[in-house]
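Engineer: The following block contains the structure, expressed as structure tokens.
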4 protein chains.
Amino acid sequence: MLALVYHGPGQRSWEEVPEPRILADTDAVVRVDAVTICGTDLHILKGDVPDVRPGTVLGHEAVGTVGEVGSAVRSVSPGDRVLISCIAGCGTCRFCREGHYGQCLSGGGWALGHTIDGVQAQYARVPFADLSLHPLPDTVSSEAAVLLADILPTSYEVGVLNGGVTPGDVVVIVGAGPIGLAAVMTAKLYSPSRIVVIDPAAPRRDAAKRIGADVALDAATDDVLEVVRSLTDGLGADVVMEAVGIPETFELATTLVRPGGTVANIGVHGAPATLHLETLWIKNVTITTGLVDTCTTPRLLRLLADHQIDPTPIITHRFRLDQMMEAYDVFSRPGDTGALKVVLERDPATT
Amino acid sequence: MLALVYHGPGQRSWEEVPEPRILADTDAVVRVDAVTICGTDLHILKGDVPDVRPGTVLGHEAVGTVGEVGSAVRSVSPGDRVLISCIAGCGTCRFCREGHYGQCLSGGGWALGHTIDGVQAQYARVPFADLSLHPLPDTVSSEAAVLLADILPTSYEVGVLNGGVTPGDVVVIVGAGPIGLAAVMTAKLYSPSRIVVIDPAAPRRDAAKRIGADVALDAATDDVLEVVRSLTDGLGADVVMEAVGIPETFELATTLVRPGGTVANIGVHGAPATLHLETLWIKNVTITTGLVDTCTTPRLLRLLADHQIDPTPIITHRFRLDQMMEAYDVFSRPGDTGALKVVLERDPATT
Amino acid sequence: MLALVYHGPGQRSWEEVPEPRILADTDAVVRVDAVTICGTDLHILKGDVPDVRPGTVLGHEAVGTVGEVGSAVRSVSPGDRVLISCIAGCGTCRFCREGHYGQCLSGGGWALGHTIDGVQAQYARVPFADLSLHPLPDTVSSEAAVLLADILPTSYEVGVLNGGVTPGDVVVIVGAGPIGLAAVMTAKLYSPSRIVVIDPAAPRRDAAKRIGADVALDAATDDVLEVVRSLTDGLGADVVMEAVGIPETFELATTLVRPGGTVANIGVHGAPATLHLETLWIKNVTITTGLVDTCTTPRLLRLLADHQIDPTPIITHRFRLDQMMEAYDVFSRPGDTGALKVVLERDPATT
Amino acid sequence: MLALVYHGPGQRSWEEVPEPRILADTDAVVRVDAVTICGTDLHILKGDVPDVRPGTVLGHEAVGTVGEVGSAVRSVSPGDRVLISCIAGCGTCRFCREGHYGQCLSGGGWALGHTIDGVQAQYARVPFADLSLHPLPDTVSSEAAVLLADILPTSYEVGVLNGGVTPGDVVVIVGAGPIGLAAVMTAKLYSPSRIVVIDPAAPRRDAAKRIGADVALDAATDDVLEVVRSLTDGLGADVVMEAVGIPETFELATTLVRPGGTVANIGVHGAPATLHLETLWIKNVTITTGLVDTCTTPRLLRLLADHQIDPTPIITHRFRLDQMMEAYDVFSRPGDTGALKVVLERDPATT
């Protein structure tokens with residue numbers, strides 16, 4: 001079959017590899033019908049994630065059709081159309097029992113396209129299929145569902161739930177890339193009074209406003225602290241989400257939060273930040289970090305099926321699965337292409 | 001009357017000052033019966049808290065007898081024996097309505113011995129008396145109650161409750177000064193499996209073990225990370241409390257916490273710390289900070305009256321109120337004197 | 001001045017009474033600009049609430065302009081346009097410290113139009129003005145704000161928050177009177193997947209659908225259990241709110257809830273119900289009751305000012321204040337008049 | 001092998017039956033080393049639980065040694081000494097994902113000795129072994145561990161956690177049978193100020209006091225409402241647990257709770273109770289019910305291993321496994337025998 005293979009920093013190819021097969025009786029093999037590319041895949045290609053060995057098939061967000069299942073798989077059957085979650089869970093370890101699949105101690109967590117072959121391929125082996133695969137109703141399109149593999153649960157769990165967004169809140173989201181935009185969408189599930197988005201790229205600020213942000217600022221030209229204070233009786237935001245992953249934006253986030261508020265870090269960081277405890281110690285601030293658990297995927301699927309959320313406005317480009325190399329080109333140059341999420345489908349006509 | 005007056009960095013004296021009187025109809029004037037000295041008072045004397053103007057009477061932890069009350073005071077009367085909370089609350093602002101008196105927007109919060117004259121004196125004016133004063137049952141001694149003015153609610157709210165200590169947890173407390181020891185006491189209310197205390201001073205480690213810590217370590221000679229891992233299947237502590245207030249101990253705290261755990265900062269910090277987001281972003285860690293609200297003082301008083309807690313083992317030295325200068329000398333040299341908390345009473349024979 | 005006076009069961013008149021004056025230094029006297037009638041007022045007139053003595057001015061939901069304030073009132077001033085909450089709180093007792101003003105132990109709770117003269121009058125004395133009065137921004141109309149005196153916080157706190165409504169839930173609301181409709185509005189703040197309303201009156205079912213219910217049923221002709229099961233994989237509703245107040249509807253509510261779900265009782269009951277513990281003991285059900293605390297009124301006011309909620313569709317009839325007797329006539333015959341909420345304004349032209 | 005077989009109402013025998021074997025690849029077969037009898041087993045023998053078909057082996061609380069495991073079992077191996085939980089969980093269904101194994105939709109929940117053969121036998125087949133079996137450290141005795149199969153997690157989850165016991169609370173426990181006594185033990189993990197137990201049997205009241213209750217009352221001769229009010233400033237108890245299972249005791253529980261408090265029902269009920277909504281609607285009361293999930297078993301095992309709890313004082317009688325019929329005789333006549341929990345061990349000398 002064909003797959004997108006990582007061959008070390010800077011090197012990827014869409015090439016022939018052996019088809020996957022069942023290795024454990026909790027596995028499933030799934031035919032990939034729709035797949036997308038994550039900013040994390042670009043990090044891997046830069047060499048920032050040394051856990052990923054050359055030769056690995058990338059990709060951790062897909063929708064597919066179940067082919068074969070191991071003998072212990074009970075909740076899906078061959079032929080089922082399923083969402084493949086980016087996170088697997090053994091279901092038995094301490095963390096899985098608490099729904100913290102992202103921290104699975106027994107081979108789950110973020111495995112696909114990381115420690116095992118991923119889903120940017122014609123077929124993929126999915127471990128712990130009972131917890132990793134979610135059957136899809138016919139009324140849900142593959143391109144909508146594929147956004148529930150990672151970015152919607154990530155923004156919802158690590159941003160909105162960790163942040164504790166509550167009706168009437170003023171929420172600031174630093175960064176309007178795909179994750180930041182998904183955070184706007186999922187924050188709105190809780191009816192905040194105002195959502196303020198901060199991003200240097202005008203097209204991303206525009207996208208944020210279309211999706212539902214009330215205010216969109218550029219930290220280079222706007223006095224973001226002053227704007228946030230003006231919306232909050234001078235106190236600061238109830239919840240600030242960091243959706244970039246660099247020290248500057250994290251530190252900005254900690255200056256925008258009100259006493260008693262929460263900074264929810266969603267960004268993937270490669271360097272330490274400075275924590276100004278000399279001002280924060282007295283402010284009753286909560287700071288959270290997290291890898292997604294995807295424990296809310298069933299809930300998000302209900303919301304999608306019942307038309308309470310529509311993530312498709314985040315999709316800017318659509319390709320056939322065999323246009324994988326071109327899709328990577330487009331996705332990796334967002335300044336030129338305006339790309340947010342790109343979706344590749346095996347057979348676009350069917351959706 | 002006599003009071004301990006701050007005259008600028010390094011300068012304090014026990015001297016004659018005018019007696020306080022009612023300024024607002026929510027005030028009370030209280031005769032001080034028992035009082036203690038806080039590490040924060042030493043910070044003020046070093047000049048670290050420039051909000052405190054020379055001429056201010058210090059002190060924010062006392063038990064006393066109500067003298068006069070303003071016309072709007074309803075819940076205490078002259079003659080009542082009361083605990084004076086270190087925090088005042090207007091009861092009406094946004095934060096006070098949520099019980100966050102420490103963040104009061106209308107003149108409450110930490111006022112005594114900070115922005116107004118404090119309680120290291122024969123008499124003190126207490127603002128917002130209805131919320132700041134707590135009548136004491138006869139069965140509770142003044143020296144026990146005075147420890148509920150600050151260090152017990154601080155360790156309980158900012159350490160134990162923010163940390164979310166749960167039965168069966170492994171809890172690490174970095175720092176075994178008065179606040180750290182109070183954290184041991186109040187953590188035990190939730191039956192953790194193990195409490196590990198880290199402090200460089202052997203007498204403080206011994207005190208921690210007497211009070212209930214299971215393990216007491218010296219970070220200079222013990223491999224604290226290894227010990228914590230050995231107690232936690234290699235995962236790290238469920239809750240880590242920072243009770244020192246310097247970057248090193250905060251950073252140590254963030255290395256000892258398990259995935260999904262909480263670092264509750266109690267320490268008063270004067271400098272920023274480094275937050276290693278490059279390792280923490282994926283760990284689902286929660287970090288909290290906070291000034292005490294003293295919203296749990298009624299609960300702690302019930303526990304004290306019903307003999308569920310006994311804070312008096314933290315008291316190492318007792319003085320008469322007029323020995324204030326000597327008490328400061330002893331308290332400010334704990335390495336020599338072994339001082340933890342020192343209590344001064346107006347009339348020691350009566351308690 | 002003129003006021004609506006209760007003269008015993010079945011007897012009310014709009015008549016001259018003495019103007020109210022400040023009795024305690026925490027009081028305010030407020031000129032009533034807009035006021036409404038509550039179903040509870042009709043209960044009083046039937047003699048169902050014997051605490052209300054003949055001679056009492058009724059009414060507990062109003063917007064007004066502050067006239068005079070007592071010496072201890074700090075947060076409002078003469079001339080301020082304010083919402084008068086149906087609940088007062090001393091701010092100092094055990095329950096008020098926790099925000100449970102409805103359970104105030106010191107003369108607060110539901111006092112207006114109950115144990116003291118109420119707001120269906122030209123002027124009213126409001127106790128504990130600092131916590132009972134909420135200044136209104138100019139952009140909020142009086143007729144919208146008056147619905148935040150009781151029915152919106154009641155449906156939100158006692159229904160939606162006690163029920164724990166969460167995005168994706170299936171929510172059932174039994175009863176589509178004013179409180180049930182307000183429950184639909186405030187439940188939608190949390191983006192449930194489906195809201196099912198049950199009411200025997202077709203106009204009220206229609207109103208529920210206009211306001212946002214997805215399904216509206218008549219228990220006499222629809223198989224409500226079957227419909228709820230069909231929407232929930234056979235499990236039952238996540239949250240059921242009882243907004244009627246009779247045994248039959250409470251018992252219906254307990255049959256519609258899923259294992260692990262919540263029945264939030266909002267209705268005012270005059271008789272016991274049967275609790276089928278023989279089936280419920282094993283179902284992990286939570287049942288809550290409650291009088292409103294109005295602790296969420298500031299949050300609801302933010303949502304109103306920021307256009308996240310609009311309660312005015314619940315208003316069916318508008319009157320001048322001096323049409324009080326006629327307004328009661330209309331409100332007490334909803335089957336004939338279609339009345340939901342009726343609003344009376346002192347000077348309708350100004351709003 | 002030998003097993004205790006139910007042969008219809010009133011009929012049980014210790015008789016030869018076929019040894020169990022693996023039926024599903026998630027099963028384990030376990031040799032029973034220690035087992036106990038539950039009040040529920042007596043209900044079954046009375047015919048109160050018609051789901052149990054004649055011919056079923058009874059028993060759902062045991063400690064054993066793993067014999068054989070199915071191909072999909074990962075977390076235990078032959079030879080492991082394990083606690084057999086009374087509840088099984090598939091780990092995959094909606095409820096199991098939330099830790100609500102008691103409500104498992106796929107064949108888990110309370111199966112042993114109910115819908116499949118149980119553990120009062122020499123060997124037992126345990127479904128979903130990964131989640132149902134908990135390896136035991138050597139330092140934990142079998143007779144202590146067997147009490148964690150049902151009564152400790154039941155009292156902890158359904159009583160203490162649902163009730164929300166908090167330090168300083170006044171807690172009332174209605175019923176001092178094995179479950180009520182376990183509720184005393186597990187409530188103490190949260191340091192309530194006072195625990196009041198109500199039971200008509202003097203020996204059970206004495207046992208409650210030995211285990212840690214502060215007050216033990218007989219509702220027939222003591223004015224329990226008056227005593228509870230005297231301990232709570234007239235307000236009522238913070239948390240009341242019902243641990244009997246009849247209408248009278250449930251109704252008593254609802255009269256003893258304070259405004260804002262919780263009634264946690266633990267009892268197994270066979271008849272409806274009267275819920276006095278005419279007084280409760282205004283009291284902000286929460287009522288919970290529940291079958292145990294045993295999601296806290298790992299936490300309770302840590303507490304047991306670290307000597308924070310010792311359930312063995314609830315054991316009154318010890319037998320060899322082959323004395324099963326005699327053990328039933330003793331357990332079913334507690335008024336004569338004083339029996340609380342009876343433990344039967346295969347080889348008593350080894351523990």
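Identifiers for the structure tokens are assigned positionally: chains receive A, B, ... in sequence, residues are indexed from 1 per chain, and ligands are indexed from 1 in the order shown.
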Residues near D:Ser193, anyone? I mean within 10 Å using only C-alpha atoms, not counting same-chain ones fewer than 6 positions away, as a ChimeraX atom specification.
Structural biologist: /B:299-300,302-309 /D:166-171,214,231
Engineer: Set the distance at 9 Å and use only C-alpha atoms: which residues neighbour A:Thr279 once local chain neighbours fewer than 2 positions away are removed? I'd like the list as a PDB file with all heavy atoms, in the first residue's frame.
Structural biologist:
ATOM      1  N   HIS A 276       6.315  34.332  36.277  1.00  0.00           N
ATOM      2  CA  HIS A 276       6.529  35.481  37.160  1.00  0.00           C
ATOM      3  C   HIS A 276       5.801  35.295  38.491  1.00  0.00           C
ATOM      4  O   HIS A 276       4.826  35.989  38.795  1.00  0.00           O
ATOM      5  CB  HIS A 276       6.140  36.770  36.444  1.00  0.00           C
ATOM      6  CG  HIS A 276       7.138  37.145  35.391  1.00  0.00           C
ATOM      7  ND1 HIS A 276       8.358  37.712  35.699  1.00  0.00           N
ATOM      8  CD2 HIS A 276       7.137  36.973  34.065  1.00  0.00           C
ATOM      9  CE1 HIS A 276       9.056  37.906  34.588  1.00  0.00           C
ATOM     10  NE2 HIS A 276       8.339  37.464  33.570  1.00  0.00           N
ATOM     11  N   LEU A 277       6.357  34.381  39.281  1.00  0.00           N
ATOM     12  CA  LEU A 277       5.744  34.084  40.577  1.00  0.00           C
ATOM     13  C   LEU A 277       5.755  35.297  41.505  1.00  0.00           C
ATOM     14  O   LEU A 277       4.945  35.359  42.429  1.00  0.00           O
ATOM     15  CB  LEU A 277       6.488  32.920  41.245  1.00  0.00           C
ATOM     16  CG  LEU A 277       6.120  31.548  40.699  1.00  0.00           C
ATOM     17  CD1 LEU A 277       7.034  30.482  41.301  1.00  0.00           C
ATOM     18  CD2 LEU A 277       4.659  31.216  40.983  1.00  0.00           C
ATOM     19  N   TRP A 281       2.096  34.854  42.623  1.00  0.00           N
ATOM     20  CA  TRP A 281       1.879  34.063  43.847  1.00  0.00           C
ATOM     21  C   TRP A 281       0.623  34.512  44.573  1.00  0.00           C
ATOM     22  O   TRP A 281      -0.079  33.701  45.189  1.00  0.00           O
ATOM     23  CB  TRP A 281       3.096  34.125  44.792  1.00  0.00           C
ATOM     24  CG  TRP A 281       3.219  35.404  45.574  1.00  0.00           C
ATOM     25  CD1 TRP A 281       3.926  36.507  45.229  1.00  0.00           C
ATOM     26  CD2 TRP A 281       2.602  35.709  46.840  1.00  0.00           C
ATOM     27  NE1 TRP A 281       3.781  37.486  46.183  1.00  0.00           N
ATOM     28  CE2 TRP A 281       2.983  37.031  47.171  1.00  0.00           C
ATOM     29  CE3 TRP A 281       1.770  34.993  47.707  1.00  0.00           C
ATOM     30  CZ2 TRP A 281       2.554  37.662  48.349  1.00  0.00           C
ATOM     31  CZ3 TRP A 281       1.332  35.606  48.882  1.00  0.00           C
ATOM     32  CH2 TRP A 281       1.739  36.938  49.191  1.00  0.00           C
ATOM     33  N   ILE A 282       0.298  35.784  44.502  1.00  0.00           N
ATOM     34  CA  ILE A 282      -0.801  36.345  45.301  1.00  0.00           C
ATOM     35  C   ILE A 282      -2.113  36.372  44.526  1.00  0.00           C
ATOM     36  O   ILE A 282      -3.141  36.776  45.062  1.00  0.00           O
ATOM     37  CB  ILE A 282      -0.401  37.764  45.774  1.00  0.00           C
ATOM     38  CG1 ILE A 282      -1.182  38.159  47.026  1.00  0.00           C
ATOM     39  CG2 ILE A 282      -0.548  38.786  44.663  1.00  0.00           C
ATOM     40  CD1 ILE A 282      -0.669  39.431  47.692  1.00  0.00           C
ATOM     41  N   LYS A 283      -2.099  35.914  43.257  1.00  0.00           N
ATOM     42  CA  LYS A 283      -3.253  36.149  42.385  1.00  0.00           C
ATOM     43  C   LYS A 283      -4.235  34.974  42.300  1.00  0.00           C
ATOM     44  O   LYS A 283      -5.204  35.026  41.555  1.00  0.00           O
ATOM     45  CB  LYS A 283      -2.776  36.498  40.965  1.00  0.00           C
ATOM     46  CG  LYS A 283      -2.391  37.962  40.810  1.00  0.00           C
ATOM     47  CD  LYS A 283      -2.099  38.313  39.357  1.00  0.00           C
ATOM     48  CE  LYS A 283      -3.339  38.343  38.485  1.00  0.00           C
ATOM     49  NZ  LYS A 283      -3.033  38.758  37.094  1.00  0.00           N
TER      50      LYS A 283
ATOM     51  N   HIS B 269       6.810  34.575  46.853  1.00  0.00           N
ATOM     52  CA  HIS B 269       7.970  34.651  45.971  1.00  0.00           C
ATOM     53  C   HIS B 269       8.354  36.097  45.674  1.00  0.00           C
ATOM     54  O   HIS B 269       7.487  36.960  45.500  1.00  0.00           O
ATOM     55  CB  HIS B 269       7.690  33.930  44.649  1.00  0.00           C
ATOM     56  CG  HIS B 269       7.609  32.447  44.789  1.00  0.00           C
ATOM     57  ND1 HIS B 269       8.646  31.615  44.469  1.00  0.00           N
ATOM     58  CD2 HIS B 269       6.620  31.645  45.269  1.00  0.00           C
ATOM     59  CE1 HIS B 269       8.298  30.360  44.714  1.00  0.00           C
ATOM     60  NE2 HIS B 269       7.069  30.359  45.206  1.00  0.00           N
ATOM     61  N   GLY B 270       9.664  36.316  45.561  1.00  0.00           N
ATOM     62  CA  GLY B 270      10.171  37.637  45.207  1.00  0.00           C
ATOM     63  C   GLY B 270      10.865  37.658  43.859  1.00  0.00           C
ATOM     64  O   GLY B 270      11.320  38.711  43.411  1.00  0.00           O
ATOM     65  N   ALA B 271      10.927  36.512  43.203  1.00  0.00           N
ATOM     66  CA  ALA B 271      11.645  36.431  41.929  1.00  0.00           C
ATOM     67  C   ALA B 271      10.952  35.415  41.039  1.00  0.00           C
ATOM     68  O   ALA B 271      10.287  34.498  41.529  1.00  0.00           O
ATOM     69  CB  ALA B 271      13.095  35.999  42.180  1.00  0.00           C
ATOM     70  N   PRO B 272      11.090  35.555  39.720  1.00  0.00           N
ATOM     71  CA  PRO B 272      10.466  34.593  38.813  1.00  0.00           C
ATOM     72  C   PRO B 272      11.159  33.238  38.877  1.00  0.00           C
ATOM     73  O   PRO B 272      12.328  33.127  39.269  1.00  0.00           O
ATOM     74  CB  PRO B 272      10.639  35.216  37.437  1.00  0.00           C
ATOM     75  CG  PRO B 272      11.718  36.223  37.563  1.00  0.00           C
ATOM     76  CD  PRO B 272      11.795  36.636  39.004  1.00  0.00           C
TER      77      PRO B 272
END
Engineer: Residues of chain B within 10 Å of chain A, using only C-alpha atoms, as a ChimeraX atom specification?
Structural biologist: /B:95,100,102-103,105,158,162,235,245-247,250,259-260,262-293
Engineer: Which polymer residues have any atom within 12 Å of an atom of A:Tyr6, counting only C-alpha atoms, with same-chain residues fewer than 6 positions away left out, as a list in words?
Structural biologist: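 Everything that qualifies: Arg12, Ser13, Trp14, Glu15, Asp41, Leu42, His43, Ile44, Leu45, Lys46, Gly47, Val49, Pro50, Val52, Arg53, Pro54, Gly55, Thr56, Val57, Leu58, Gly59, Gly113, His114, Ile116, Asp117, Gly118, Gln120 and Met325 of chain A.
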Engineer: Could you please write out, as JSON, numbers by chain, every residue of stretch 42-275 of chain C that DSSP assigns to helix (DSSP H, G or I)?
Structural biologist: {"C": [42, 43, 44, 45, 46, 94, 95, 96, 97, 101, 102, 103, 129, 130, 131, 132, 142, 143, 144, 145, 146, 147, 148, 151, 152, 153, 154, 155, 156, 157, 158, 159, 160, 161, 162, 163, 178, 179, 180, 181, 182, 183, 184, 185, 186, 187, 188, 189, 190, 202, 203, 204, 205, 206, 207, 208, 209, 210, 211, 224, 225, 226, 227, 228, 229, 230, 231, 247, 248, 249, 250, 251, 252, 253, 254, 255, 256]}
Engineer: Extract, using only C-alpha atoms, all DNA, RNA and protein residues at most 10 Å from D:Val32, discarding same-chain residues fewer than 6 positions from it, and format them as a VMD selection string.
Structural biologist: chain D and resid 61 to 66 81 to 84 119 to 124 321 344 to 346
Engineer: Using only C-alpha atoms, which protein or nucleic acid residues come within 9 Å of C:Ala219? Drop anything in the same chain fewer than 4 positions from it, and give the result as a PyMOL selection string.
Structural biologist: chain C and resi 198-200+223-224
Engineer: Would you mind exporting all heavy atoms of the selected residues as a compact mmCIF listing (two decimals), in the first residue's frame?
Structural biologist:
# COMPACT_ATOMS: atom_id res chain seq x y z
N ILE C 198 -42.22 18.96 28.24
CA ILE C 198 -43.50 18.24 28.41
C ILE C 198 -44.49 19.19 29.09
O ILE C 198 -44.21 19.70 30.18
CB ILE C 198 -43.30 16.97 29.28
CG1 ILE C 198 -42.27 16.04 28.64
CG2 ILE C 198 -44.64 16.25 29.50
CD1 ILE C 198 -41.84 14.89 29.54
N ASP C 199 -45.62 19.45 28.43
CA ASP C 199 -46.66 20.33 29.02
C ASP C 199 -47.99 20.01 28.36
O ASP C 199 -48.05 19.74 27.16
CB ASP C 199 -46.31 21.80 28.78
CG ASP C 199 -47.09 22.72 29.70
OD1 ASP C 199 -48.29 22.95 29.43
OD2 ASP C 199 -46.52 23.18 30.71
N PRO C 200 -49.09 20.04 29.14
CA PRO C 200 -50.40 19.72 28.55
C PRO C 200 -50.96 20.84 27.67
O PRO C 200 -51.86 20.59 26.87
CB PRO C 200 -51.30 19.50 29.77
CG PRO C 200 -50.63 20.22 30.88
CD PRO C 200 -49.16 20.19 30.60
N ASP C 223 -46.23 9.19 24.23
CA ASP C 223 -45.55 8.22 25.10
C ASP C 223 -44.18 8.82 25.44
O ASP C 223 -43.19 8.56 24.79
CB ASP C 223 -45.42 6.89 24.38
CG ASP C 223 -44.83 5.82 25.31
OD1 ASP C 223 -44.22 6.18 26.34
OD2 ASP C 223 -44.97 4.63 24.98
N VAL C 224 -44.18 9.64 26.47
CA VAL C 224 -42.97 10.43 26.73
C VAL C 224 -41.79 9.54 27.08
O VAL C 224 -40.65 9.83 26.69
CB VAL C 224 -43.21 11.49 27.84
CG1 VAL C 224 -44.24 12.51 27.37
CG2 VAL C 224 -43.63 10.86 29.14
Engineer: Excluding D:Pro348 and any residue of its chain fewer than 4 positions from it, enumerate the residues within 9 Å of it, using only C-alpha atoms, and give them as a PyMOL selection string.
Structural biologist: chain D and resi 33-34+318-321+344
Engineer: Keeping only N, CA and C atoms, write the selected residues to a file as a short mmCIF file (atom, residue, chain, number, x, y, z; two decimals), in the first residue's frame.
Structural biologist:
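Output file out-v1.cif follows:
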data_model
loop_
_atom_site.label_atom_id
_atom_site.label_comp_id
_atom_site.auth_asym_id
_atom_site.auth_seq_id
_atom_site.Cartn_x
_atom_site.Cartn_y
_atom_site.Cartn_z
N ASP D 33 -9.59 -18.22 48.02
CA ASP D 33 -8.83 -18.39 49.27
C ASP D 33 -9.57 -17.84 50.48
N ALA D 34 -10.34 -16.79 50.28
CA ALA D 34 -11.13 -16.20 51.38
C ALA D 34 -12.40 -15.64 50.77
N ARG D 318 -14.93 -16.29 62.16
CA ARG D 318 -14.04 -16.85 61.14
C ARG D 318 -14.28 -18.35 60.99
N PHE D 319 -14.29 -18.82 59.75
CA PHE D 319 -14.56 -20.23 59.46
C PHE D 319 -13.60 -20.74 58.40
N ARG D 320 -13.56 -22.08 58.27
CA ARG D 320 -12.92 -22.67 57.09
C ARG D 320 -13.94 -22.65 55.96
N LEU D 321 -13.43 -22.67 54.73
CA LEU D 321 -14.31 -22.59 53.58
C LEU D 321 -15.37 -23.70 53.59
N LEU D 344 -14.62 -16.73 55.62
CA LEU D 344 -14.26 -18.15 55.48
C LEU D 344 -12.99 -18.24 54.66
#
Engineer: Considering only C-alpha atoms, return as a list in words whatever protein or nucleic-acid residues lie within 8 Å of A:Thr297, sequence-local ones (same chain, fewer than 4 positions apart) excluded.
Structural biologist: Leu148, Ala149, Pro153 and Leu301 of chain A
Engineer: Run DSSP on the backbone and tell me which residues of stretch 41-97 of chain D come out as strand (DSSP E or B); list them as a list in words.
Structural biologist: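 Taking stretch 41-97 of chain D and keeping strand (DSSP E or B) gives Val57, Ala62, Val63, Gly64, Thr65, Val66, Gly67, Glu68, Val69, Arg81, Val82, Leu83, Ile84 and Ala88 of chain D.
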